[in-house]
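Participant: To start, I am sharing the structure in question, which I have written as structure tokens.
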Amino acid sequence: MKTIPLALLLAAAALAARAADAPRPCCAPATPAQPTAPCCAEEKPAAPLATRSLYQLDATWTNDAAKPVSLVSLRGHPVILAMFFASCEYACPVIVNDIKRLQAQLPAAARERTQVVLVTFDVARDTPAGLRAFRERMSLDGQWTLLRGEESSVQELAMLLGVKFKQDGRGQFAHSNIITVLNPEGEIAHQQAGLNGDVSETARVLSGLAKVTAVAAK
Amino acid sequence: MPALVRIAATTALLALLPLAGQETPSAARVVGPGVPAGMVTIPAGSYAPLLRTSDEPERVAVAAFWLDARPVTNAEFLEFVRAHPQWRRSQVSPLFADQGYLGDWAGDLELGARAAADAPVVRISWFAVRAFAKAAGKRLPTTAEWERAAAAGFTRADGASEPGFNAWVLGGLARPTPEVLPAAGSGRPNFFGARDLHGLVWEWVQDFNTAMTTGESRADSGLERNLFCGAGAASARDVRDYAGFMRGGLRSSLRASYVVPNLGFRCARSLPSASSANSFQ
């Protein structure tokens, strides 16, 4: 299906881009304060992807630093994934807040291993600059990746996550509020629907995944 | 190829011409070298969503487009999986198609008795039909496009005003799906020349996931603000449009990897863009 060599090439390009961006040198020794950078895990020869891995998608995304990113670059880490749009008046700030509450419930080690990815529905307005402004407005640190993509990629990802969305006449999007947890292979491990919910079950799943990946990384 | 461009541009212009008052078959059925084989032109018009929120417009404009005259058949889908092995039954990723994908076929490359070559292909996921459309240089119709085409009766663009048409559509819903589906395209052509939009199989649309009625079926009776951002009260346009409710209900219950025994598809194409029409001047 998706040619894995191509996916890997894209991943490599994305990794190079991430590395250029990273606040610290890629593959600096991990310390409690600075966990291993995501890119390090990818420098080992990669095993074939799991059959239900979302990382089979061959779409290339653009982050808020205008750098290309492939989702497979997140491989090896538990991931919190949600879809949003930056000019959202109601739910999206709540989703961000829910994810922050979720992070706060994680043990420190799990919190550090877990990456957060937000993908925008609003391909027209959420340019890298728009995403950057959202990052600043919501005070999102380096663990958060903000992505935009082609309309067809957004639709495909939404389909895989079971997220419904629709643009209304004013340019706002009606959309499902779903927080998805991906395991280190990129498979859906858990989904939480709704806002302001109890995040403890999602936190429990993430902590479990983080433990497994921490062992694997040793 | 100036000549081809000219033909395409002329076709596009013809199709885009605003049709005054009642649409007539001669104006609607734009045929000619510009229309791809097996497709019909659905002229620019509008679609009245069955369910809409108070701030959504009553009618949505739909640009002219080309639509397959009939659903895609088993034989056509077989050609596709021959050329694209990753979409064969034994090789498809479970991410992109649930168990039962192409389940009526006898094998990976064998149709068998339950899947006639000329019958519409069913038990195919959204991901699979999207790949088929892409390989054919086409795309799936949007909900608005599909509904625009299917709102036509046999003799009028507005089927709702055609005597007996709604009853005929409902009659199709009342019939159970036969064990072996009949040939695609054997139905009577509608006003635009498209066949079997009603009465044969349900059809995938590109944006079926815009149909939002409930967050999850156990929990609610209507649109819930905590599940859907921006959801307001939705009201129905025409409560007699039972078939429309059925289609909306089906779409809102689907996920893109689902395979359904009576859900098929047909493809669409955009007309050459307005800019290419302008270059003709």
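Going through the structure tokens in order, the chains are called A, B, and so on, while each chain numbers its residues from 1 and the ligands are numbered from 1 in the order shown.
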From the DSSP assignment of the backbone, select every residue of range 31-193 of chain B that is strand (DSSP E or B), and format the answer as a VMD selection string.

Facilitator: chain B and resid 39 to 42 45 to 47 51 to 53 60 to 62 65 to 68 73 107 110 120 139

Participant: What are the closest atom pairs, with distances in Å to one decimal, for each residue of range 139-171 of chain A lying within 12 Å of range 66-85 of chain A, using only C-alpha atoms, rows by chain and rising residue number, as a Markdown table?

Facilitator:
| residue | atom | partner | partner_atom | distance |
| --- | --- | --- | --- | --- |
| A:Gln143 | CA | A:Val79 | CA | 10.0 |
| A:Trp144 | CA | A:Ile80 | CA | 9.3 |
| A:Thr145 | CA | A:Val69 | CA | 9.4 |
| A:Leu146 | CA | A:Met83 | CA | 9.7 |
| A:Leu147 | CA | A:Val69 | CA | 8.0 |
| A:Arg148 | CA | A:Ala66 | CA | 9.4 |
| A:Gly149 | CA | A:Pro68 | CA | 9.6 |
| A:Ser153 | CA | A:Ser70 | CA | 11.5 |
| A:Val154 | CA | A:Met83 | CA | 9.0 |
| A:Gln155 | CA | A:Met83 | CA | 10.8 |
| A:Leu157 | CA | A:Met83 | CA | 9.2 |
| A:Ala158 | CA | A:Met83 | CA | 7.9 |
| A:Met159 | CA | A:Met83 | CA | 11.5 |
| A:Leu160 | CA | A:Met83 | CA | 11.9 |
| A:Leu161 | CA | A:Ala82 | CA | 9.0 |
| A:Gly162 | CA | A:Met83 | CA | 11.0 |
| A:Val163 | CA | A:Met83 | CA | 8.1 |
| A:Lys164 | CA | A:Met83 | CA | 10.1 |
| A:Phe165 | CA | A:Met83 | CA | 9.7 |
| A:Lys166 | CA | A:Phe85 | CA | 11.9 |
| A:Gln167 | CA | A:Phe85 | CA | 10.9 |
| A:Gly171 | CA | A:Phe85 | CA | 10.5 |

Participant: Quick one: residues within 7 Å of range 193-205 of chain B, only C-alpha atoms counted, chain neighbours fewer than 5 positions away excluded, as an MDAnalysis selection string?

Facilitator: chainID B and resid 29 40 69:70 126 140:143 150 169 172:173 185 187:188 262:265

Participant: Could you make a table, as JSON lines, of the residues of chain A that have an atom within 7 Å of an atom of chain B, each with its nearest atom pair and distance in Å to one decimal, counting only C-alpha atoms, in chain and number order?

Facilitator:
{"residue": "A:Met1", "atom": "CA", "partner": "B:Gln86", "partner_atom": "CA", "distance": 4.9}
{"residue": "A:Thr51", "atom": "CA", "partner": "B:Ser93", "partner_atom": "CA", "distance": 6.1}
{"residue": "A:Arg52", "atom": "CA", "partner": "B:Leu95", "partner_atom": "CA", "distance": 4.8}
{"residue": "A:Tyr90", "atom": "CA", "partner": "B:Cys229", "partner_atom": "CA", "distance": 6.8}
{"residue": "A:Ala91", "atom": "CA", "partner": "B:Cys229", "partner_atom": "CA", "distance": 5.5}
{"residue": "A:Met159", "atom": "CA", "partner": "B:Ala256", "partner_atom": "CA", "distance": 5.6}
{"residue": "A:Leu160", "atom": "CA", "partner": "B:Ala256", "partner_atom": "CA", "distance": 6.9}
{"residue": "A:Gly162", "atom": "CA", "partner": "B:Arg255", "partner_atom": "CA", "distance": 6.4}
{"residue": "A:Lys164", "atom": "CA", "partner": "B:Asn209", "partner_atom": "CA", "distance": 4.9}
{"residue": "A:Phe165", "atom": "CA", "partner": "B:Thr210", "partner_atom": "CA", "distance": 5.3}
{"residue": "A:Lys166", "atom": "CA", "partner": "B:Thr210", "partner_atom": "CA", "distance": 5.1}
{"residue": "A:Asp168", "atom": "CA", "partner": "B:Glu56", "partner_atom": "CA", "distance": 6.5}
{"residue": "A:Gly169", "atom": "CA", "partner": "B:Glu56", "partner_atom": "CA", "distance": 6.0}
{"residue": "A:Phe173", "atom": "CA", "partner": "B:Gly230", "partner_atom": "CA", "distance": 6.8}
{"residue": "A:Ala174", "atom": "CA", "partner": "B:Gly230", "partner_atom": "CA", "distance": 4.7}
{"residue": "A:His175", "atom": "CA", "partner": "B:Phe228", "partner_atom": "CA", "distance": 5.1}
{"residue": "A:Ser176", "atom": "CA", "partner": "B:Phe228", "partner_atom": "CA", "distance": 4.5}
{"residue": "A:Asn177", "atom": "CA", "partner": "B:Leu227", "partner_atom": "CA", "distance": 5.3}
{"residue": "A:Ala193", "atom": "CA", "partner": "B:Leu227", "partner_atom": "CA", "distance": 6.5}
{"residue": "A:Gly194", "atom": "CA", "partner": "B:Leu227", "partner_atom": "CA", "distance": 4.4}
{"residue": "A:Leu195", "atom": "CA", "partner": "B:Asn226", "partner_atom": "CA", "distance": 5.1}

Participant: Near range 145-147 of chain B, within 9 Å and counting only C-alpha atoms, which residues show up once chain neighbours fewer than 3 positions away are dropped, as a JSON list (two decimals) with C-alpha atoms, in the first residue's frame?

Facilitator:
[["chain", "number", "residue", "atom", "x", "y", "z"],
["B", 42, "ILE", "CA", -25.03, 17.66, -13.56],
["B", 46, "SER", "CA", -28.36, 23.96, -5.54],
["B", 47, "TYR", "CA", -29.02, 21.46, -2.83],
["B", 48, "ALA", "CA", -31.37, 21.91, 0.10],
["B", 49, "PRO", "CA", -29.89, 20.04, 3.07],
["B", 62, "VAL", "CA", -23.50, 23.23, -6.23],
["B", 63, "ALA", "CA", -21.20, 23.92, -9.17],
["B", 64, "ALA", "CA", -21.66, 21.91, -12.34],
["B", 65, "PHE", "CA", -19.86, 18.55, -12.23],
["B", 67, "LEU", "CA", -21.11, 12.13, -12.33],
["B", 141, "PRO", "CA", -19.10, 13.15, -5.15],
["B", 142, "THR", "CA", -19.74, 15.34, -2.12],
["B", 150, "ALA", "CA", -30.48, 12.42, -6.81],
["B", 151, "ALA", "CA", -33.10, 15.11, -6.20],
["B", 152, "ALA", "CA", -33.95, 14.98, -9.90],
["B", 197, "LEU", "CA", -29.28, 6.75, -7.71],
["B", 203, "GLU", "CA", -23.63, 5.06, -2.18],
["B", 205, "VAL", "CA", -19.93, 10.18, -0.61],
["B", 244, "GLY", "CA", -33.41, 11.61, 2.77],
["B", 268, "ALA", "CA", -17.52, 12.29, -9.91]]

Participant: Work out how far CA of Arg125 in chain A is from CA of Leu182 in chain A, in Å to one decimal.

Facilitator: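 According to the coordinates, CA of Leu182 in chain A and CA of Arg125 in chain A are separated by 27.1 Å.
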
Participant: CA of Leu140 in chain A to CA of Leu54 in chain A: how many Å, to one decimal?

Facilitator: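 Computing it gives 24.1 Å between the two atoms.
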